[in-house]
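Enquirer: This is entry.pdb (PDB, C-alpha atoms and all ligand atoms).
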```pdb
ATOM      1  CA  MET A 583       0.000   0.000   0.000
ATOM      2  CA  ASN A 584       1.457   3.372  -1.023
ATOM      3  CA  VAL A 585       0.500   6.205   1.272
ATOM      4  CA  GLY A 586       1.525   9.804   0.697
ATOM      5  CA  VAL A 587       2.141  12.347   3.417
ATOM      6  CA  LEU A 588       1.963  15.996   2.419
ATOM      7  CA  ALA A 589       5.412  17.213   3.430
ATOM      8  CA  LEU A 590       5.274  20.984   2.974
ATOM      9  CA  GLN A 591       5.276  21.944   6.644
ATOM     10  CA  GLY A 592       4.284  20.549  10.017
ATOM     11  CA  ALA A 593       4.271  17.123  11.675
ATOM     12  CA  PHE A 594       4.721  14.899   8.616
ATOM     13  CA  ILE A 595       7.658  12.780   9.836
ATOM     14  CA  GLU A 596       5.655  11.490  12.804
ATOM     15  CA  HIS A 597       2.909  10.281  10.441
ATOM     16  CA  GLU A 598       5.487   8.573   8.242
ATOM     17  CA  LYS A 599       6.877   6.636  11.217
ATOM     18  CA  LYS A 600       3.425   5.374  12.172
ATOM     19  CA  LEU A 601       2.609   4.309   8.611
ATOM     20  CA  ARG A 602       5.926   2.471   8.227
ATOM     21  CA  ALA A 603       5.415   0.731  11.575
ATOM     22  CA  LEU A 604       2.166  -0.626  10.124
ATOM     23  CA  GLY A 605       3.879  -1.878   6.979
ATOM     24  CA  ALA A 606       2.835   0.815   4.485
ATOM     25  CA  GLU A 607       5.118   2.285   1.826
ATOM     26  CA  VAL A 608       5.428   6.031   2.429
ATOM     27  CA  VAL A 609       5.919   8.790  -0.115
ATOM     28  CA  GLU A 610       6.564  12.427   0.828
ATOM     29  CA  VAL A 611       4.402  14.676  -1.318
ATOM     30  CA  ARG A 612       5.850  18.062  -2.290
ATOM     31  CA  LEU A 613       5.001  18.265  -5.980
ATOM     32  CA  PRO A 614       1.967  17.211  -8.038
ATOM     33  CA  ALA A 615       3.913  14.299  -9.601
ATOM     34  CA  ASP A 616       4.442  12.777  -6.139
ATOM     35  CA  LEU A 617       0.726  11.951  -5.997
ATOM     36  CA  TYR A 618       1.026   9.528  -8.870
ATOM     37  CA  GLY A 619       0.205   5.939  -7.893
ATOM     38  CA  LEU A 620      -0.717   6.698  -4.280
ATOM     39  CA  ASP A 621      -3.540   4.790  -2.596
ATOM     40  CA  GLY A 622      -4.139   7.379   0.111
ATOM     41  CA  LEU A 623      -2.834  10.630   1.564
ATOM     42  CA  ILE A 624      -2.340  12.234   4.971
ATOM     43  CA  ILE A 625      -2.390  15.999   5.363
ATOM     44  CA  PRO A 626      -0.548  16.674   8.633
ATOM     45  CA  GLY A 627      -0.958  19.221  11.371
ATOM     46  CA  GLY A 628       1.094  22.379  11.339
ATOM     47  CA  GLU A 629      -0.085  25.800  10.306
ATOM     48  CA  SER A 630      -2.904  25.674   7.771
ATOM     49  CA  THR A 631      -2.189  29.174   6.389
ATOM     50  CA  THR A 632       1.424  28.161   5.675
ATOM     51  CA  ILE A 633       0.472  24.767   4.216
ATOM     52  CA  GLY A 634      -2.077  26.559   2.010
ATOM     53  CA  LYS A 635       0.410  29.188   0.844
ATOM     54  CA  LEU A 636       3.042  26.574  -0.019
ATOM     55  CA  ALA A 637       0.457  24.379  -1.760
ATOM     56  CA  VAL A 638      -0.444  27.354  -3.992
ATOM     57  CA  GLN A 639       3.247  28.049  -4.703
ATOM     58  CA  PHE A 640       3.949  24.451  -5.685
ATOM     59  CA  GLY A 641       0.855  24.180  -7.879
ATOM     60  CA  LEU A 642      -0.609  21.554  -5.568
ATOM     61  CA  ILE A 643      -4.097  22.866  -4.830
ATOM     62  CA  GLU A 644      -5.902  21.471  -7.860
ATOM     63  CA  PRO A 645      -3.943  18.149  -7.971
ATOM     64  CA  LEU A 646      -4.600  17.614  -4.245
ATOM     65  CA  ARG A 647      -8.278  18.439  -4.706
ATOM     66  CA  GLU A 648      -8.509  16.047  -7.624
ATOM     67  CA  PHE A 649      -6.784  13.306  -5.620
ATOM     68  CA  ALA A 650      -8.897  13.741  -2.486
ATOM     69  CA  ARG A 651     -12.122  13.823  -4.457
ATOM     70  CA  THR A 652     -11.907  10.048  -4.887
ATOM     71  CA  LYS A 653      -8.941   8.680  -2.886
ATOM     72  CA  PRO A 654      -8.825   8.161   0.907
ATOM     73  CA  THR A 655      -7.439  11.312   2.490
ATOM     74  CA  TRP A 656      -6.984  12.103   6.182
ATOM     75  CA  GLY A 657      -6.377  15.562   7.586
ATOM     76  CA  THR A 658      -5.105  16.035  11.137
ATOM     77  CA  CYS A 659      -5.539  19.422  12.813
ATOM     78  CA  ALA A 660      -4.336  21.937  10.173
ATOM     79  CA  GLY A 661      -5.124  19.136   7.705
ATOM     80  CA  MET A 662      -8.720  19.088   8.940
ATOM     81  CA  ILE A 663      -8.972  22.827   8.248
ATOM     82  CA  PHE A 664      -7.474  22.254   4.796
ATOM     83  CA  LEU A 665     -10.126  19.624   3.945
ATOM     84  CA  ALA A 666     -13.157  21.575   5.222
ATOM     85  CA  LYS A 667     -15.615  23.345   2.959
ATOM     86  CA  ASP A 668     -16.363  26.066   5.450
ATOM     87  CA  ILE A 669     -13.800  27.698   7.766
ATOM     88  CA  GLY A 670     -15.999  30.606   8.820
ATOM     89  CA  ILE A 671     -14.682  34.100   8.246
ATOM     90  CA  ASP A 672     -11.073  33.032   7.666
ATOM     91  CA  ARG A 673      -9.781  33.567   4.134
ATOM     92  CA  GLN A 674      -6.972  31.230   3.137
ATOM     93  CA  PRO A 675      -6.383  28.565   0.460
ATOM     94  CA  ILE A 676      -8.128  25.290   1.327
ATOM     95  CA  LEU A 677      -9.237  22.207  -0.602
ATOM     96  CA  GLY A 678     -12.854  22.634   0.520
ATOM     97  CA  LEU A 679     -14.031  19.031   0.140
ATOM     98  CA  MET A 680     -15.624  17.926   3.409
ATOM     99  CA  ASP A 681     -19.110  19.035   4.392
ATOM    100  CA  ILE A 682     -18.030  20.430   7.729
ATOM    101  CA  GLN A 683     -17.732  23.873   9.229
ATOM    102  CA  VAL A 684     -14.544  24.258  11.212
ATOM    103  CA  ASN A 685     -13.521  26.898  13.713
ATOM    104  CA  ARG A 686      -9.739  27.426  13.752
ATOM    105  CA  ASN A 687      -7.923  27.787  17.060
ATOM    106  CA  ALA A 688     -11.173  26.970  18.838
ATOM    107  CA  PHE A 689      -9.453  26.345  22.169
ATOM    108  CA  GLY A 690      -7.329  29.483  22.224
ATOM    109  CA  ARG A 691      -3.594  29.923  22.018
ATOM    110  CA  GLN A 692      -0.618  27.562  22.192
ATOM    111  CA  VAL A 693      -0.800  27.530  26.006
ATOM    112  CA  ASP A 694      -4.345  26.219  25.800
ATOM    113  CA  SER A 695      -3.169  22.979  24.193
ATOM    114  CA  PHE A 696      -4.326  19.907  26.116
ATOM    115  CA  GLU A 697      -4.581  16.116  26.142
ATOM    116  CA  VAL A 698      -7.646  14.014  26.853
ATOM    117  CA  ASP A 699      -8.786  10.377  26.604
ATOM    118  CA  LEU A 700     -11.506  10.111  23.987
ATOM    119  CA  ALA A 701     -14.056   7.379  23.379
ATOM    120  CA  ILE A 702     -13.797   6.473  19.693
ATOM    121  CA  PRO A 703     -15.740   3.225  19.253
ATOM    122  CA  ASP A 704     -14.900   2.919  15.533
ATOM    123  CA  VAL A 705     -11.207   2.870  16.347
ATOM    124  CA  GLY A 706     -11.343   0.539  19.368
ATOM    125  CA  GLU A 707     -12.827  -0.146  22.756
ATOM    126  CA  VAL A 708     -10.031   1.395  24.813
ATOM    127  CA  PRO A 709     -10.200   5.241  24.855
ATOM    128  CA  PHE A 710      -7.783   7.030  22.538
ATOM    129  CA  HIS A 711      -5.310   9.466  24.080
ATOM    130  CA  ALA A 712      -5.758  12.632  22.029
ATOM    131  CA  VAL A 713      -3.300  15.548  21.862
ATOM    132  CA  PHE A 714      -4.791  18.929  20.938
ATOM    133  CA  ILE A 715      -2.390  21.692  19.848
ATOM    134  CA  ARG A 716      -4.050  24.976  18.907
ATOM    135  CA  ALA A 717      -6.704  22.713  17.533
ATOM    136  CA  PRO A 718      -9.765  23.432  15.455
ATOM    137  CA  VAL A 719     -13.222  22.111  16.274
ATOM    138  CA  VAL A 720     -16.029  21.003  13.960
ATOM    139  CA  THR A 721     -18.858  23.465  14.566
ATOM    140  CA  GLU A 722     -21.163  21.782  12.073
ATOM    141  CA  ALA A 723     -21.171  18.276  10.589
ATOM    142  CA  ARG A 724     -23.449  18.487   7.565
ATOM    143  CA  LYS A 725     -25.355  15.794   5.694
ATOM    144  CA  GLY A 726     -23.327  12.686   4.963
ATOM    145  CA  VAL A 727     -20.732  13.337   7.657
ATOM    146  CA  GLN A 728     -20.296  10.739  10.369
ATOM    147  CA  VAL A 729     -19.168  11.928  13.798
ATOM    148  CA  LEU A 730     -16.428   9.656  15.178
ATOM    149  CA  ALA A 731     -15.491  11.497  18.368
ATOM    150  CA  GLN A 732     -16.754  14.252  20.609
ATOM    151  CA  LEU A 733     -15.412  15.923  23.725
ATOM    152  CA  GLU A 734     -17.448  15.566  26.926
ATOM    153  CA  ASP A 735     -19.151  18.880  26.217
ATOM    154  CA  GLY A 736     -20.318  17.576  22.839
ATOM    155  CA  ARG A 737     -17.855  19.415  20.615
ATOM    156  CA  ILE A 738     -16.986  17.349  17.539
ATOM    157  CA  VAL A 739     -13.303  16.492  17.064
ATOM    158  CA  ALA A 740     -13.220  13.570  14.583
ATOM    159  CA  VAL A 741     -15.348  13.022  11.482
ATOM    160  CA  ARG A 742     -15.565  10.835   8.417
ATOM    161  CA  GLN A 743     -17.311  11.418   5.105
ATOM    162  CA  GLU A 744     -16.974   8.341   2.943
ATOM    163  CA  HIS A 745     -13.276   8.244   1.933
ATOM    164  CA  LEU A 746     -12.396  11.442   3.805
ATOM    165  CA  LEU A 747     -11.269  11.489   7.432
ATOM    166  CA  ALA A 748     -10.481  14.441   9.695
ATOM    167  CA  THR A 749      -9.280  14.731  13.279
ATOM    168  CA  ALA A 750      -8.774  17.915  15.279
ATOM    169  CA  PHE A 751      -6.078  16.189  17.360
ATOM    170  CA  HIS A 752      -2.740  14.503  16.578
ATOM    171  CA  PRO A 753      -2.784  10.665  16.619
ATOM    172  CA  GLU A 754       0.759  10.723  15.206
ATOM    173  CA  LEU A 755       2.107  12.197  18.464
ATOM    174  CA  THR A 756       1.182   9.248  20.706
ATOM    175  CA  ASP A 757       2.307   5.601  20.816
ATOM    176  CA  ASP A 758      -1.130   4.435  19.737
ATOM    177  CA  VAL A 759      -1.242   3.235  16.113
ATOM    178  CA  ARG A 760      -4.961   2.472  16.035
ATOM    179  CA  PHE A 761      -6.015   5.595  14.161
ATOM    180  CA  HIS A 762      -3.417   4.997  11.469
ATOM    181  CA  ALA A 763      -4.542   1.363  11.279
ATOM    182  CA  TYR A 764      -8.123   2.612  10.875
ATOM    183  CA  PHE A 765      -7.040   4.825   7.971
ATOM    184  CA  LEU A 766      -5.160   1.964   6.293
ATOM    185  CA  LYS A 767      -8.330  -0.115   6.592
ATOM    186  CA  MET A 768     -10.248   2.691   4.882
ATOM    187  CA  ILE A 769      -7.706   2.564   2.037
ATOM    188  CA  ALA A 770      -7.927  -1.222   1.823
ATOM    189  CA  GLY A 771     -11.715  -1.044   1.617
ATOM    190  CA  LYS A 772     -11.614   1.444  -1.228
TER     191      LYS A 772
HETATM  192  N1  LIG B   1      -3.811  26.356  14.619
HETATM  193  C1  LIG B   1      -3.335  25.736  13.427
HETATM  194  C2  LIG B   1      -4.056  26.268  12.189
HETATM  195  O1  LIG B   1      -4.885  27.083  12.274
HETATM  196  C3  LIG B   1      -3.481  24.230  13.498
HETATM  197  C4  LIG B   1      -2.627  23.676  14.592
HETATM  198  C5  LIG B   1      -2.151  22.284  14.363
HETATM  199  O2  LIG B   1      -2.188  21.776  13.248
HETATM  200  N2  LIG B   1      -1.609  21.689  15.396
HETATM  201  O3  LIG B   1      -3.751  25.866  11.122
END
```
Once more with this new file: its structure as structure tokens, please.

Expert:
Amino acid sequence: MNVGVLALQGAFIEHEKKLRALGAEVVEVRLPADLYGLDGLIIPGGESTTIGKLAVQFGLIEPLREFARTKPTWGTCAGMIFLAKDIGIDRQPILGLMDIQVNRNAFGRQVDSFEVDLAIPDVGEVPFHAVFIRAPVVTEARKGVQVLAQLEDGRIVAVRQEHLLATAFHPELTDDVRFHAYFLKMIAGK
């Protein structure tokens, strides 16, 4: 299985390690040609404005959009913002594919980053330790979007829409490989 990781900025190396540990072949994506032959793609966390700017510079917006229209694609944190159709009043380049509204930096500044154990039944019975770093939140999951995880107060932090997956937190920053295994299963089922 060939899985790409968008490697423009942010936490892409951590994703690569997880994918390799699970036996996937990993390709770093920096140019449109890197997408060729991939079975799936991860868009990592980082800074969505920077990822967007670099994606425009490298001519990646349309190729990424085309890829993610049909192929399994998972956005974590900044990647979730990049996949969303609606990011409120913010104006920045995004792919705009998932029927979710996302609020950037919903928990405040860097110092308001936190970790919490989340119940995510689709990923496994044991709660998933989730790391939130200047994370977004899904303020609206529209028709066709499945909610995978919510905080205790009901705020939505993980969603799936067919072949698209988005998490507000960073599964690549813990020892738990279950979320990456879940994504590889999505790819295998496609
Ligand atoms: N706050 C960042 C943004 O708006 C996302 C942070 C992250 O990816 N850890 O893009």

Enquirer: Given a cut-off of 9 Å, what residues near ligand LIG 1 (chain B) show up using only C-alpha atoms and all ligand atoms, put as a PyMOL selection string?

Expert: chain A and resi 592-593+626-633+658-664+685-688+690-692+714-718+750-752

Enquirer: Using all atoms listed in the file, which of A:Gln591, A:Thr721, A:Thr652, A:Asn584 sits nearest Leu679 in chain A?

Expert: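 So, comparing all the options, the nearest one is A:Thr652.
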
Enquirer: Using the chain letters and numbers from the file, give me the residues hit by the PyMOL selection byres (((chain A and resi 615) around 12) and not hetatm), as a ChimeraX atom specification.

Expert: /A:586,609-614,616-620,640-642,645-646,649

Enquirer: Nearest to Glu596 in chain A: which of A:Gln743, A:Thr655, A:Gln639, A:Thr756 is it, counting only C-alpha atoms?

Expert: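 Checking each of A:Gln743, A:Thr655, A:Gln639, A:Thr756 against Glu596 in chain A, counting only C-alpha atoms, the winner is A:Thr756.
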
Enquirer: I'd like the residues picked by the PyMOL selection byres (((chain A and resi 680-684) around 6) and not hetatm) written out as number ranges by chain, using the chain letters and numbers from the file.

Expert: A: 665-669, 679, 685, 719-724

Enquirer: Please, could you write that set of residues out with C-alpha atoms as a PDB file, in the frame of the given file?

Expert:
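Result went into result.pdb, see below:
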```
ATOM      1  CA  LEU A 665     -10.126  19.624   3.945  1.00  0.00           C
ATOM      2  CA  ALA A 666     -13.157  21.575   5.222  1.00  0.00           C
ATOM      3  CA  LYS A 667     -15.615  23.345   2.959  1.00  0.00           C
ATOM      4  CA  ASP A 668     -16.363  26.066   5.450  1.00  0.00           C
ATOM      5  CA  ILE A 669     -13.800  27.698   7.766  1.00  0.00           C
ATOM      6  CA  LEU A 679     -14.031  19.031   0.140  1.00  0.00           C
ATOM      7  CA  ASN A 685     -13.521  26.898  13.713  1.00  0.00           C
ATOM      8  CA  VAL A 719     -13.222  22.111  16.274  1.00  0.00           C
ATOM      9  CA  VAL A 720     -16.029  21.003  13.960  1.00  0.00           C
ATOM     10  CA  THR A 721     -18.858  23.465  14.566  1.00  0.00           C
ATOM     11  CA  GLU A 722     -21.163  21.782  12.073  1.00  0.00           C
ATOM     12  CA  ALA A 723     -21.171  18.276  10.589  1.00  0.00           C
ATOM     13  CA  ARG A 724     -23.449  18.487   7.565  1.00  0.00           C
TER      14      ARG A 724
END
```

Enquirer: Here's the selection I'm unsure about, the PyMOL selection byres (((chain A and resi 701) around 10) and not hetatm); applied to the file above, which residues does it give, as a list in words?

Expert: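 With the PyMOL selection byres (((chain A and resi 701) around 10) and not hetatm) on this model, the match is Val698, Asp699, Leu700, Ile702, Pro703, Asp704, Val705, Gly706, Glu707, Val708, Pro709, Phe710, His711, Ala712, Leu730, Ala731, Gln732, Leu733 and Glu734 of chain A.
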
Enquirer: Rank nothing, just name the residue among A:Ala589, A:Phe689, A:Gln728, A:Glu644 nearest to Val741 in chain A, using all atoms listed in the file.

Expert: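 Among the listed residues, A:Gln728 lies closest to Val741 in chain A.
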
Enquirer: So that all listed atoms of range 670-684 of chain A fit with 4 Å spare on each side, what axis-aligned box centre and edge lengths in Å, to one decimal, would you give as JSON?

Expert:
```
{"center_x": -12.7, "center_y": 26.0, "center_z": 5.3, "size_x": 20.7, "size_y": 24.2, "size_z": 19.8}
```
